[in-house]
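What's in start-v8.cif: mmCIF, C-alpha atoms (C1' of nucleotides)
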data_entry
loop_
_atom_site.label_atom_id
_atom_site.label_comp_id
_atom_site.auth_asym_id
_atom_site.auth_seq_id
_atom_site.Cartn_x
_atom_site.Cartn_y
_atom_site.Cartn_z
CA MET O 12 52.71 172.77 160.78
CA GLU O 13 52.67 174.91 157.64
CA LYS O 14 50.00 177.50 158.50
CA VAL O 15 51.25 180.04 155.97
CA ARG O 16 47.88 180.43 154.33
CA SER O 17 46.32 183.82 153.78
CA ARG O 18 44.23 185.43 156.45
CA THR O 19 41.24 185.63 154.11
CA SER O 20 41.09 181.85 154.21
CA TYR O 21 38.76 180.35 156.81
CA HIS O 22 39.60 177.48 159.11
CA HIS O 23 40.68 174.91 156.54
CA GLY O 24 43.79 174.49 154.52
CA ASP O 25 42.14 171.64 152.65
CA LEU O 26 38.38 171.59 152.83
CA PRO O 27 37.92 168.87 150.20
CA ALA O 28 40.04 166.47 152.24
CA ALA O 29 38.25 167.45 155.42
CA LEU O 30 34.90 166.78 153.77
CA ILE O 31 36.08 163.39 152.59
CA ASP O 32 37.13 162.53 156.12
CA ALA O 33 33.78 163.65 157.46
CA THR O 34 32.01 161.56 154.85
CA PHE O 35 33.91 158.45 155.92
CA ALA O 36 33.02 159.18 159.53
CA LEU O 37 29.34 159.40 158.61
CA ILE O 38 29.47 156.18 156.62
CA GLU O 39 31.15 154.50 159.54
CA GLU O 40 28.35 155.54 161.86
CA ASN O 41 25.27 154.92 159.73
CA GLY O 42 26.29 153.47 156.42
CA VAL O 43 26.18 155.25 153.08
CA HIS O 44 22.53 155.85 153.80
CA GLY O 45 23.50 158.00 156.76
CA PHE O 46 25.61 160.36 154.72
CA SER O 47 24.45 163.74 153.50
CA VAL O 48 26.33 166.71 152.16
CA ALA O 49 24.69 168.90 154.76
CA GLU O 50 25.78 166.76 157.67
CA ALA O 51 29.31 166.44 156.31
CA ALA O 52 29.48 170.21 156.13
CA ARG O 53 28.26 170.58 159.71
CA ARG O 54 30.83 168.07 160.96
CA THR O 55 33.56 169.94 159.17
CA GLY O 56 32.44 173.20 160.67
CA VAL O 57 31.58 174.94 157.43
CA SER O 58 28.32 176.16 156.01
CA ILE O 59 25.96 173.95 154.10
CA SER O 60 26.85 175.55 150.81
CA ALA O 61 30.63 175.40 151.11
CA PRO O 62 31.01 171.82 149.80
CA TYR O 63 29.43 172.82 146.52
CA ARG O 64 32.46 174.96 145.68
CA HIS O 65 34.53 171.77 145.58
CA PHE O 66 32.12 169.07 144.54
CA ALA O 67 29.41 169.56 141.96
CA ASP O 68 26.95 167.45 143.87
CA ARG O 69 26.50 164.71 146.42
CA GLU O 70 27.67 162.01 144.02
CA GLU O 71 30.92 163.74 143.24
CA LEU O 72 31.85 163.83 146.91
CA LEU O 73 31.11 160.13 147.22
CA ALA O 74 33.18 159.44 144.12
CA ALA O 75 36.10 161.34 145.63
CA CYS O 76 35.80 159.11 148.67
CA ALA O 77 35.85 156.02 146.51
CA ILE O 78 38.98 157.25 144.78
CA ALA O 79 40.66 157.77 148.15
CA ALA O 80 39.63 154.21 149.01
CA CYS O 81 41.27 152.95 145.83
CA GLU O 82 44.49 154.66 146.76
CA GLU O 83 44.55 153.07 150.20
CA LEU O 84 43.78 149.71 148.67
CA GLN O 85 46.55 150.07 146.12
CA ARG O 86 49.01 150.84 148.89
CA ARG O 87 47.97 147.73 150.82
CA PHE O 88 48.16 145.53 147.72
CA GLY O 89 51.64 146.82 147.04
CA GLU O 90 52.76 145.81 150.52
CA ALA O 91 51.17 142.38 150.20
CA LEU O 92 52.85 141.72 146.86
CA ALA O 93 56.25 142.84 148.14
CA GLN O 94 56.18 140.54 151.14
CA ARG O 95 55.76 137.29 149.22
CA GLN O 96 57.79 135.51 146.59
CA SER O 97 55.78 132.98 144.62
CA PRO O 98 52.87 134.17 142.50
CA ALA O 99 50.45 131.90 144.35
CA ASP O 100 51.52 133.28 147.71
CA GLN O 101 51.30 136.79 146.38
CA LEU O 102 47.71 136.31 145.22
CA SER O 103 46.69 134.75 148.51
CA ALA O 104 48.23 137.70 150.31
CA VAL O 105 46.37 140.16 148.11
CA ALA O 106 43.08 138.44 148.84
CA ALA O 107 43.80 138.57 152.55
CA ALA O 108 44.81 142.22 152.28
CA TYR O 109 41.47 143.01 150.67
CA VAL O 110 39.55 141.32 153.45
CA ARG O 111 41.61 143.13 156.08
CA PHE O 112 41.04 146.39 154.28
CA ALA O 113 37.30 145.83 154.43
CA ALA O 114 37.47 145.27 158.17
CA GLU O 115 39.94 148.00 159.08
CA ARG O 116 38.64 150.59 156.65
CA ARG O 117 35.02 149.65 156.52
CA PRO O 118 33.72 153.04 155.36
CA MET O 119 36.22 153.00 152.51
CA PHE O 120 35.06 149.55 151.56
CA GLU O 121 31.45 150.66 151.64
CA SER O 122 32.17 153.70 149.53
CA LEU O 123 33.57 151.36 146.89
CA TYR O 124 30.79 148.85 146.55
CA GLY O 125 27.82 150.29 148.42
CA ALA O 126 27.47 153.83 147.17
CA GLY O 127 25.74 152.88 143.94
CA LEU O 128 28.16 154.95 141.90
CA ASP O 129 27.84 154.88 138.15
CA LYS O 130 31.49 154.38 137.23
CA SER O 131 30.90 155.40 133.64
CA ARG O 132 29.94 158.82 134.94
CA HIS O 133 33.12 159.06 137.03
CA PRO O 134 36.05 158.23 134.75
CA GLN O 135 38.60 159.16 137.40
CA LEU O 136 37.14 156.51 139.66
CA ALA O 137 37.15 153.95 136.86
CA ASP O 138 40.82 154.70 136.29
CA ALA O 139 41.66 154.41 139.97
CA GLY O 140 39.86 151.08 140.12
CA ALA O 141 41.72 149.74 137.12
CA ALA O 142 45.05 150.87 138.57
CA VAL O 143 44.44 148.85 141.71
CA LEU O 144 44.16 145.61 139.77
CA MET O 145 47.01 146.17 137.35
CA PRO O 146 49.84 144.72 139.48
CA VAL O 147 47.59 141.83 140.46
CA ALA O 148 46.91 141.01 136.84
CA GLU O 149 50.62 140.97 136.18
CA VAL O 150 51.13 138.31 138.83
CA ALA O 151 48.15 136.33 137.58
CA ARG O 152 49.72 136.21 134.14
CA LYS O 153 52.57 134.15 135.54
CA LEU O 154 50.12 131.47 136.59
CA ALA O 155 47.89 131.48 133.54
CA PRO O 156 48.39 128.84 130.85
CA GLY O 157 50.61 130.20 128.12
CA GLY O 158 51.06 133.40 130.09
CA GLY O 159 48.23 134.80 127.98
CA GLY O 160 45.95 137.62 128.99
CA GLU O 161 42.63 135.84 128.73
CA ALA O 162 43.21 133.15 131.34
CA ALA O 163 44.86 135.77 133.55
CA GLY O 164 41.74 137.88 133.29
CA ILE O 165 39.56 134.98 134.34
CA LEU O 166 41.86 134.40 137.26
CA VAL O 167 41.76 138.02 138.37
CA VAL O 168 37.98 138.12 138.29
CA ALA O 169 37.87 134.85 140.21
CA LEU O 170 40.17 136.22 142.87
CA THR O 171 38.45 139.58 143.20
CA SER O 172 35.12 137.81 143.46
CA LEU O 173 36.42 135.49 146.11
CA ALA O 174 37.93 138.33 148.12
CA GLN O 175 34.84 140.49 147.70
CA GLY O 176 32.68 137.67 148.98
CA TYR O 177 34.82 136.94 152.01
CA ALA O 178 34.96 140.63 152.84
CA THR O 179 31.19 140.93 152.64
CA MET O 180 30.58 137.84 154.73
CA LEU O 181 33.08 139.01 157.32
CA LEU O 182 31.23 142.30 157.72
CA GLU O 183 27.95 140.39 157.88
CA GLY O 184 29.26 138.49 160.86
CA SER O 185 29.77 135.07 159.26
CA PHE O 186 33.17 134.75 160.88
CA GLY O 187 32.12 135.78 164.36
CA GLU O 188 33.00 138.91 166.26
CA PRO O 189 36.03 141.16 165.79
CA PRO O 190 38.90 141.19 166.27
CA ALA O 191 39.32 137.43 166.09
CA ALA O 192 36.95 137.27 163.11
CA VAL O 193 39.27 139.42 161.01
CA ASP O 194 42.28 137.16 161.35
CA LEU O 195 40.11 134.12 160.81
CA ALA O 196 38.58 135.51 157.62
CA CYS O 197 41.99 136.51 156.30
CA GLU O 198 43.35 133.03 156.92
CA ARG O 199 40.35 131.46 155.28
CA VAL O 200 40.37 133.64 152.20
CA ALA O 201 44.08 132.98 151.74
CA ALA O 202 43.47 129.25 152.03
CA ALA O 203 40.52 129.45 149.63
CA THR O 204 42.64 131.34 147.15
CA ALA O 205 45.29 128.65 147.39
CA ALA O 206 42.65 125.98 146.94
CA LEU O 207 41.22 127.79 143.95
CA LEU O 208 44.63 128.12 142.35
CA ARG O 209 45.42 124.52 143.09
CA GLY O 210 42.26 123.38 141.36
CA ARG O 211 42.43 126.04 138.69
CA SER O 212 42.68 123.63 135.80
CA LEU O 213 38.90 123.55 136.08
CA LEU O 214 38.71 127.27 135.47
CA PHE O 215 40.01 127.53 131.96
CA MET C 11 -10.39 135.19 141.10
CA GLU C 12 -11.65 135.20 144.70
CA LYS C 13 -13.04 138.73 145.06
CA VAL C 14 -15.29 137.84 147.96
CA ARG C 15 -13.97 140.55 150.21
CA SER C 16 -16.23 142.96 152.00
CA ARG C 17 -17.30 146.21 150.39
CA THR C 18 -15.84 148.25 153.24
CA SER C 19 -12.43 147.13 152.08
CA TYR C 20 -10.62 149.43 149.67
CA HIS C 21 -8.84 148.40 146.52
CA HIS C 22 -6.46 145.85 147.96
CA GLY C 23 -6.91 142.35 149.13
CA ASP C 24 -3.33 142.32 150.28
CA LEU C 25 -1.80 145.69 150.83
CA PRO C 26 1.35 144.40 152.57
CA ALA C 27 2.19 142.29 149.52
CA ALA C 28 1.42 145.17 147.20
CA LEU C 29 3.74 147.43 149.19
CA ILE C 30 6.51 144.85 149.06
CA ASP C 31 6.15 144.66 145.29
CA ALA C 32 6.27 148.44 145.03
CA THR C 33 9.38 148.51 147.19
CA PHE C 34 11.14 146.05 144.90
CA ALA C 35 10.17 148.17 141.92
CA LEU C 36 11.66 151.26 143.54
CA ILE C 37 14.86 149.43 144.45
CA GLU C 38 15.10 148.22 140.88
CA GLU C 39 14.86 151.76 139.58
CA ASN C 40 17.10 153.64 141.99
CA GLY C 41 18.61 151.25 144.47
CA VAL C 42 17.72 150.98 148.13
CA HIS C 43 18.58 154.65 148.36
CA GLY C 44 15.69 155.42 146.02
CA PHE C 45 13.11 153.77 148.20
CA SER C 46 10.81 155.57 150.59
CA VAL C 47 7.66 154.51 152.36
CA ALA C 48 5.86 157.50 150.91
CA GLU C 49 6.74 156.67 147.32
CA ALA C 50 5.85 153.02 147.82
CA ALA C 51 2.46 154.11 149.09
CA ARG C 52 1.90 156.38 146.11
CA ARG C 53 2.84 153.62 143.67
CA THR C 54 0.41 151.29 145.36
CA GLY C 55 -2.34 153.86 145.15
CA VAL C 56 -2.90 154.28 148.87
CA SER C 57 -2.34 157.16 151.21
CA ILE C 58 1.00 157.91 152.78
CA SER C 59 -0.16 156.71 156.16
CA ALA C 60 -1.65 153.40 155.07
CA PRO C 61 1.62 151.43 155.15
CA TYR C 62 2.01 152.19 158.83
CA ARG C 63 -0.98 150.01 159.63
CA HIS C 64 1.05 147.03 158.41
CA PHE C 65 4.68 147.94 159.03
CA ALA C 66 5.87 149.72 162.14
CA ASP C 67 8.38 151.74 160.20
CA ARG C 68 10.50 151.95 157.11
CA GLU C 69 12.91 149.28 158.30
CA GLU C 70 10.18 146.76 158.90
CA LEU C 71 8.99 147.05 155.33
CA LEU C 72 12.53 146.53 154.08
CA ALA C 73 12.89 143.53 156.36
CA ALA C 74 9.70 142.05 154.94
CA CYS C 75 11.20 142.44 151.48
CA ALA C 76 14.37 140.68 152.58
CA ILE C 77 12.30 137.83 153.95
CA ALA C 78 10.48 137.52 150.63
CA ALA C 79 13.89 137.43 148.96
CA CYS C 80 14.96 134.58 151.24
CA GLU C 81 11.90 132.61 150.24
CA GLU C 82 12.59 133.04 146.55
CA LEU C 83 16.20 132.06 147.10
CA GLN C 84 15.23 128.99 149.06
CA ARG C 85 12.97 127.93 146.22
CA ARG C 86 15.76 128.31 143.69
CA PHE C 87 18.24 126.45 145.87
CA GLY C 88 15.77 123.61 146.21
CA GLU C 89 15.50 123.33 142.43
CA ALA C 90 19.26 123.41 142.00
CA LEU C 91 19.80 120.69 144.57
CA ALA C 92 17.11 118.48 143.06
CA GLN C 93 18.57 118.62 139.58
CA ARG C 94 22.01 117.24 140.46
CA GLN C 95 23.26 114.03 141.98
CA SER C 96 26.73 114.31 143.43
CA PRO C 97 27.32 116.66 146.36
CA ALA C 98 29.98 118.56 144.44
CA ASP C 99 27.65 119.12 141.50
CA GLN C 100 24.90 120.17 143.85
CA LEU C 101 27.08 122.79 145.50
CA SER C 102 28.24 124.14 142.16
CA ALA C 103 24.62 124.38 141.07
CA VAL C 104 23.66 126.23 144.24
CA ALA C 105 26.42 128.76 143.68
CA ALA C 106 25.28 129.29 140.12
CA ALA C 107 21.68 129.61 141.29
CA TYR C 108 22.69 132.35 143.68
CA VAL C 109 24.46 134.29 140.96
CA ARG C 110 21.48 133.91 138.65
CA PHE C 111 19.18 135.01 141.43
CA ALA C 112 21.22 138.19 141.86
CA ALA C 113 20.92 138.95 138.17
CA GLU C 114 17.29 138.00 137.65
CA ARG C 115 16.01 139.35 140.95
CA ARG C 116 18.39 142.18 141.50
CA PRO C 117 16.16 144.17 143.85
CA MET C 118 15.69 141.10 146.00
CA PHE C 119 19.44 140.61 146.09
CA GLU C 120 19.94 144.24 147.05
CA SER C 121 17.36 144.04 149.79
CA LEU C 122 19.35 141.19 151.28
CA TYR C 123 22.80 142.67 151.42
CA GLY C 124 22.43 146.35 150.65
CA ALA C 125 19.66 147.53 152.94
CA GLY C 126 21.87 147.75 156.00
CA LEU C 127 19.41 145.74 158.05
CA ASP C 128 20.37 144.87 161.59
CA LYS C 129 19.49 141.20 161.60
CA SER C 130 19.53 141.00 165.39
CA ARG C 131 16.64 143.44 165.39
CA HIS C 132 14.68 141.33 162.87
CA PRO C 133 14.65 137.76 164.17
CA GLN C 134 12.23 136.62 161.50
CA LEU C 135 14.75 137.66 158.88
CA ALA C 136 17.57 135.92 160.71
CA ASP C 137 15.48 132.74 160.75
CA ALA C 138 14.66 133.00 157.07
CA GLY C 139 18.32 133.46 156.26
CA ALA C 140 19.32 130.44 158.28
CA ALA C 141 16.63 128.32 156.65
CA VAL C 142 18.05 129.09 153.21
CA LEU C 143 21.42 127.60 154.08
CA MET C 144 20.20 124.56 155.95
CA PRO C 145 19.85 122.18 152.97
CA VAL C 146 23.17 123.44 151.62
CA ALA C 147 24.91 122.65 154.89
CA GLU C 148 23.51 119.17 154.75
CA VAL C 149 25.11 118.56 151.38
CA ALA C 150 28.36 120.10 152.53
CA ARG C 151 28.48 117.64 155.40
CA LYS C 152 28.82 114.81 152.91
CA LEU C 153 32.03 116.34 151.59
CA ALA C 154 33.57 117.39 154.87
CA PRO C 155 36.22 115.18 156.48
CA GLY C 156 34.61 112.87 159.00
CA GLY C 157 31.21 114.21 158.05
CA GLY C 158 31.59 116.59 160.99
CA GLY C 159 29.86 119.92 161.39
CA GLU C 160 32.92 122.14 161.70
CA ALA C 161 34.50 121.43 158.33
CA ALA C 162 31.05 121.59 156.75
CA GLY C 163 30.57 125.03 158.27
CA ILE C 164 33.86 126.22 156.83
CA LEU C 165 32.80 124.87 153.48
CA VAL C 166 29.41 126.59 153.57
CA VAL C 167 30.95 129.94 154.42
CA ALA C 168 33.50 129.45 151.66
CA LEU C 169 30.78 128.71 149.13
CA THR C 170 28.49 131.54 150.20
CA SER C 171 31.42 133.93 150.09
CA LEU C 172 32.39 132.75 146.65
CA ALA C 173 28.85 133.05 145.34
CA GLN C 174 28.32 136.42 146.99
CA GLY C 175 31.49 137.70 145.38
CA TYR C 176 30.62 136.48 141.91
CA ALA C 177 27.13 137.93 142.23
CA THR C 178 28.50 141.30 143.25
CA MET C 179 31.07 141.36 140.49
CA LEU C 180 28.46 140.37 137.93
CA LEU C 181 26.27 143.29 138.93
CA GLU C 182 29.31 145.56 138.85
CA GLY C 183 29.86 144.63 135.23
CA SER C 184 32.98 142.49 135.58
CA PHE C 185 31.49 139.85 133.29
CA GLY C 186 30.32 142.21 130.58
CA GLU C 187 26.82 143.13 129.57
CA PRO C 188 23.65 141.08 130.09
CA PRO C 189 22.29 138.72 129.08
CA ALA C 190 25.50 136.96 128.04
CA ALA C 191 27.21 138.08 131.22
CA VAL C 192 24.77 136.17 133.39
CA ASP C 193 25.42 132.81 131.78
CA LEU C 194 29.13 133.48 131.80
CA ALA C 195 29.19 134.36 135.49
CA CYS C 196 27.11 131.29 136.34
CA GLU C 197 29.50 129.04 134.46
CA ARG C 198 32.49 130.63 136.09
CA VAL C 199 31.16 130.45 139.62
CA ALA C 200 30.26 126.81 139.13
CA ALA C 201 33.75 126.12 137.83
CA ALA C 202 35.31 128.05 140.70
CA THR C 203 33.22 126.10 143.18
CA ALA C 204 34.42 122.88 141.61
CA ALA C 205 38.01 124.12 141.73
CA LEU C 206 37.62 125.12 145.35
CA LEU C 207 36.18 121.73 146.27
CA ARG C 208 38.90 119.97 144.34
CA GLY C 209 41.58 121.84 146.22
CA ARG C 210 39.68 121.83 149.47
CA SER C 211 42.29 119.87 151.40
CA LEU C 212 43.90 123.26 151.85
CA LEU C 213 40.82 124.57 153.58
CA PHE C 214 40.75 122.46 156.69
"C1'" DG K 18 -8.17 149.35 156.99
"C1'" DT K 19 -7.89 153.29 154.80
"C1'" DC K 20 -8.51 158.24 154.55
"C1'" DT K 21 -7.30 163.38 155.29
"C1'" DA K 22 -4.62 166.50 157.47
"C1'" DT K 23 -0.76 167.85 159.74
"C1'" DA K 24 3.43 168.28 162.74
"C1'" DT K 25 8.15 168.29 162.32
"C1'" DG K 26 12.28 167.66 160.37
"C1'" DT K 27 15.80 167.07 156.60
"C1'" DT K 28 17.70 167.46 152.17
"C1'" DG K 29 20.05 169.19 147.79
"C1'" DA K 30 21.03 173.05 145.60
"C1'" DT K 31 21.17 178.18 144.40
"C1'" DA K 32 21.71 183.46 144.81
"C1'" DG K 33 24.18 187.02 146.23
"C1'" DA K 34 27.12 189.43 149.91
"C1'" DC K 35 31.88 189.78 151.50
"C1'" DG W 27 36.36 180.32 149.15
"C1'" DT W 28 33.31 180.82 152.45
"C1'" DC W 29 29.27 183.05 154.37
"C1'" DT W 30 24.04 183.89 155.19
"C1'" DA W 31 19.65 183.13 153.71
"C1'" DT W 32 16.43 180.81 151.34
"C1'" DC W 33 13.86 177.60 148.16
"C1'" DA W 34 11.03 173.83 146.89
"C1'" DA W 35 10.78 169.09 147.64
"C1'" DC W 36 10.44 165.24 150.29
"C1'" DA W 37 10.71 162.39 154.32
"C1'" DT W 38 8.81 159.85 158.65
"C1'" DA W 39 5.36 159.39 161.59
"C1'" DT W 40 0.97 160.49 164.19
"C1'" DA W 41 -4.05 161.92 165.27
"C1'" DG W 42 -8.50 161.42 164.45
"C1'" DA W 43 -12.52 160.86 161.11
"C1'" DC W 44 -15.15 157.32 158.63
#
As structure tokens, how would this structure be written, given the file I've shared?
Amino acid sequence: MEKVRSRTSYHHGDLPAALIDATFALIEENGVHGFSVAEAARRTGVSISAPYRHFADREELLAACAIAACEELQRRFGEALAQRQSPADQLSAVAAAYVRFAAERRPMFESLYGAGLDKSRHPQLADAGAAVLMPVAEVARKLAPGGGGEAAGILVVALTSLAQGYATMLLEGSFGEPPAAVDLACERVAAATAALLRGRSLLF
Amino acid sequence: MEKVRSRTSYHHGDLPAALIDATFALIEENGVHGFSVAEAARRTGVSISAPYRHFADREELLAACAIAACEELQRRFGEALAQRQSPADQLSAVAAAYVRFAAERRPMFESLYGAGLDKSRHPQLADAGAAVLMPVAEVARKLAPGGGGEAAGILVVALTSLAQGYATMLLEGSFGEPPAAVDLACERVAAATAALLRGRSLLF
DNA sequence: GTCTATATGTTGATAGAC
DNA sequence: GTCTATCAACATATAGAC
């Protein structure tokens, strides 16, 4: 309710955020392929050139979306970690949280893996991505032999791969139709994580 | 060496195949986003309208590429299955074959999961996809409790998810730079498959 | 089966006014 | 910080000639 902005401003207090929202809406409707800067501008009610004051080009807007997705993911991982006690349970919960994130925030998920972003050209995004995995790596270290970093790293990649795969297959329809499919996939990825951890002696 | 085609034909014995090759080349260079029917036609040396004699629209050409990808994948899975004896080894080998396929035939991999194809609108593609997994499901049945179909189905989805995830993370760079990364990811996905199977009592 | 030509639409990005 | 106006480039798809 704070509309104390100057009269010379047009109808947005935060155009960048509005453009990011519009981009997610477009991705939701037609995939990353269906997004364009022009259409995002139209949806937001601004001219076609306005976005370029805030984002250098199309890629930078997509990168901003991916960063927002990282933040949402980090929040969800934090919740998952807080609700469980044992490291194994925590990792299973994180995997399930990732799968649920993919289903409930599909455009965010797609902006992360499907936008073809060159992370080396978007250091802020690389940082945001690393920050998401940091608390997970810390938990993994408790399960790794010797508590060392190397085995923990292998474990983290194994878990992210597993979760990424389940998320993808869920969106492909391998678990049936929503909403039942979401719960099913979350259960299954948690169980698979547990199975993987249980048999993890084979990993190192 | 069979150039017995009529003189009224232009410079292609098989334009559809040539267009599919060109499409893969474009995907390799710039992702699915970088593909267009027009550019594929130019690369192939034919006019912009020629492709439309063979493919109803852009999507149908992409679907044809995905079907070609399924065939290549099926071939590789067949090799992997033939080279191992025990069901568990066979499944590990299939997972590794999928990851290697993603790395060695990246545009094919991308046409499968990244083209946003509505499989229900391309029944031929749906069939090709199902055919790929059929021999894998048969092996899984040997490991499932009671030899029943349900547990085998859960196992197949678990394995495809795992392999899909490792493939994605490999292409994202989580395993380092090629070519060493490819071998590493293949080893790891095989080990993870073994670990998953070993702990699989948790799955059912 | 392939061509030329074309209709029709969209895009990303910039220049300059306010 | 947003506008209007505009550019060149490119897309999909079709019609009709050969």
| request: Take CA of Lys152 in chain C and CA of Ser96 in chain C and report the distance between them in Å, one decimal. | output: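 Computing it gives 9.7 Å between the two atoms.
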| task | Would you translate the PyMOL selection byres ((chain C) within 6 of (chain O)) into the concrete set of residues it matches in this file, as a list of chain:residue names? | result |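 Selected by the PyMOL selection byres ((chain C) within 6 of (chain O)) here: C:Ser171, C:Leu172, C:Gln174, C:Gly175, C:Tyr176, C:Ala201, C:Ala205, C:Leu206, C:Arg208, C:Gly209, C:Arg210, C:Leu212, C:Leu213.
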| said: Could you check the closest approach to DT38 in chain W for each of K:DG29, K:DA24, K:DA34, K:DG18 and tell me which residue wins, using all atoms listed in the file? | reply: K:DA24
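The nearest approach to chain K among the residues O:Glu82, O:Glu40, O:Glu50, O:Asp194, with all atoms listed in the file taken into account, belongs to O:Glu50.
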Which residues fall under the PyMOL selection byres ((chain K) within 10 of (chain O)) in this file, as a PDB file with C-alpha atoms (C1' of nucleotides), in the frame of the given file?
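And here is the file that came out, selection.pdb:
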ATOM      1  C1'  DT K  27      15.800 167.070 156.600  1.00  0.00           C
ATOM      2  C1'  DT K  28      17.700 167.460 152.170  1.00  0.00           C
ATOM      3  C1'  DG K  29      20.050 169.190 147.790  1.00  0.00           C
ATOM      4  C1'  DA K  30      21.030 173.050 145.600  1.00  0.00           C
ATOM      5  C1'  DT K  31      21.170 178.180 144.400  1.00  0.00           C
TER       6       DT K  31
END
| field | DA22 in chain K surroundings by all atoms listed in the file, 10 Å radius, close-in-sequence under 2 positions cut, as a PyMOL selection string | value | (chain K and resi 20+24) or (chain W and resi 41-42)
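One finds CA of Ala80 in chain O at 22.1 Å from CA of Val150 in chain O.
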At a cut-off of 8 Å, can you tabulate as a tab-separated table every residue of chain W near chain O together with its closest atom pair and the distance in Å to one decimal, using all atoms listed in the file and ordering rows by chain then number?
residue	atom	partner	partner_atom	distance
W:DG27	C1'	O:Ser20	CA	7.1
W:DT28	C1'	O:Ala61	CA	6.2
W:DC29	C1'	O:Ser58	CA	7.1
| task | Work out how far apart CA of Asp25 in chain O and CA of Ala114 in chain O are and give it in Å to one decimal. | result |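 According to the coordinates, CA of Asp25 in chain O and CA of Ala114 in chain O are separated by 27.3 Å.
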Within 9 Å of Ala36 in chain O, counting only C-alpha atoms (C1' of nucleotides), which residues show up once you throw out same-chain ones fewer than 6 positions away? Write them as an mmCIF file with C-alpha atoms, in the frame of the given file, please.
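Contents of the output file part.cif:
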data_model
loop_
_atom_site.group_PDB
_atom_site.id
_atom_site.type_symbol
_atom_site.label_atom_id
_atom_site.label_comp_id
_atom_site.auth_asym_id
_atom_site.auth_seq_id
_atom_site.Cartn_x
_atom_site.Cartn_y
_atom_site.Cartn_z
ATOM 1 C CA PHE O 46 25.610 160.360 154.720
ATOM 2 C CA ALA O 51 29.310 166.440 156.310
ATOM 3 C CA PRO O 118 33.720 153.040 155.360
#
| message | List the spatial neighbours of DT25 in chain K as a PyMOL selection string - criterion: any atom at most 12 Å away, all atoms listed in the file, same-chain residues fewer than 3 positions off excluded. | response | chain W and resi 37-40
| query | Which residues match the PyMOL selection byres ((chain O and resi 73-77) around 7) in the file above, as a ChimeraX atom specification? | reply | /O:31,69-72,78-81,119,122-123,136
Could range 97-106 of chain C be completed with N, CA, C and O atoms and written as an mmCIF file, in the coordinates of the input, please?
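The new file result.cif reads:
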data_model
loop_
_atom_site.group_PDB
_atom_site.id
_atom_site.type_symbol
_atom_site.label_atom_id
_atom_site.label_comp_id
_atom_site.auth_asym_id
_atom_site.auth_seq_id
_atom_site.Cartn_x
_atom_site.Cartn_y
_atom_site.Cartn_z
ATOM 1 N N PRO C 97 27.228 115.475 145.500
ATOM 2 C CA PRO C 97 27.320 116.660 146.360
ATOM 3 C C PRO C 97 28.078 117.800 145.709
ATOM 4 O O PRO C 97 27.660 118.958 145.808
ATOM 5 N N ALA C 98 29.178 117.491 145.051
ATOM 6 C CA ALA C 98 29.980 118.560 144.440
ATOM 7 C C ALA C 98 29.180 119.276 143.352
ATOM 8 O O ALA C 98 29.190 120.509 143.266
ATOM 9 N N ASP C 99 28.476 118.506 142.533
ATOM 10 C CA ASP C 99 27.650 119.120 141.500
ATOM 11 C C ASP C 99 26.521 119.948 142.111
ATOM 12 O O ASP C 99 26.161 121.013 141.604
ATOM 13 N N GLN C 100 25.975 119.436 143.193
ATOM 14 C CA GLN C 100 24.900 120.170 143.850
ATOM 15 C C GLN C 100 25.388 121.525 144.357
ATOM 16 O O GLN C 100 24.711 122.546 144.196
ATOM 17 N N LEU C 101 26.566 121.524 144.957
ATOM 18 C CA LEU C 101 27.080 122.790 145.500
ATOM 19 C C LEU C 101 27.425 123.774 144.383
ATOM 20 O O LEU C 101 27.177 124.979 144.513
ATOM 21 N N SER C 102 27.972 123.261 143.299
ATOM 22 C CA SER C 102 28.240 124.140 142.160
ATOM 23 C C SER C 102 26.945 124.746 141.634
ATOM 24 O O SER C 102 26.886 125.931 141.279
ATOM 25 N N ALA C 103 25.905 123.901 141.593
ATOM 26 C CA ALA C 103 24.620 124.380 141.070
ATOM 27 C C ALA C 103 24.005 125.429 141.992
ATOM 28 O O ALA C 103 23.378 126.393 141.532
ATOM 29 N N VAL C 104 24.179 125.239 143.291
ATOM 30 C CA VAL C 104 23.660 126.230 144.240
ATOM 31 C C VAL C 104 24.374 127.568 144.043
ATOM 32 O O VAL C 104 23.737 128.636 144.045
ATOM 33 N N ALA C 105 25.675 127.516 143.891
ATOM 34 C CA ALA C 105 26.420 128.760 143.680
ATOM 35 C C ALA C 105 25.945 129.467 142.422
ATOM 36 O O ALA C 105 25.729 130.683 142.416
ATOM 37 N N ALA C 106 25.757 128.696 141.365
ATOM 38 C CA ALA C 106 25.280 129.290 140.120
ATOM 39 C C ALA C 106 23.872 129.852 140.296
ATOM 40 O O ALA C 106 23.541 130.919 139.767
#
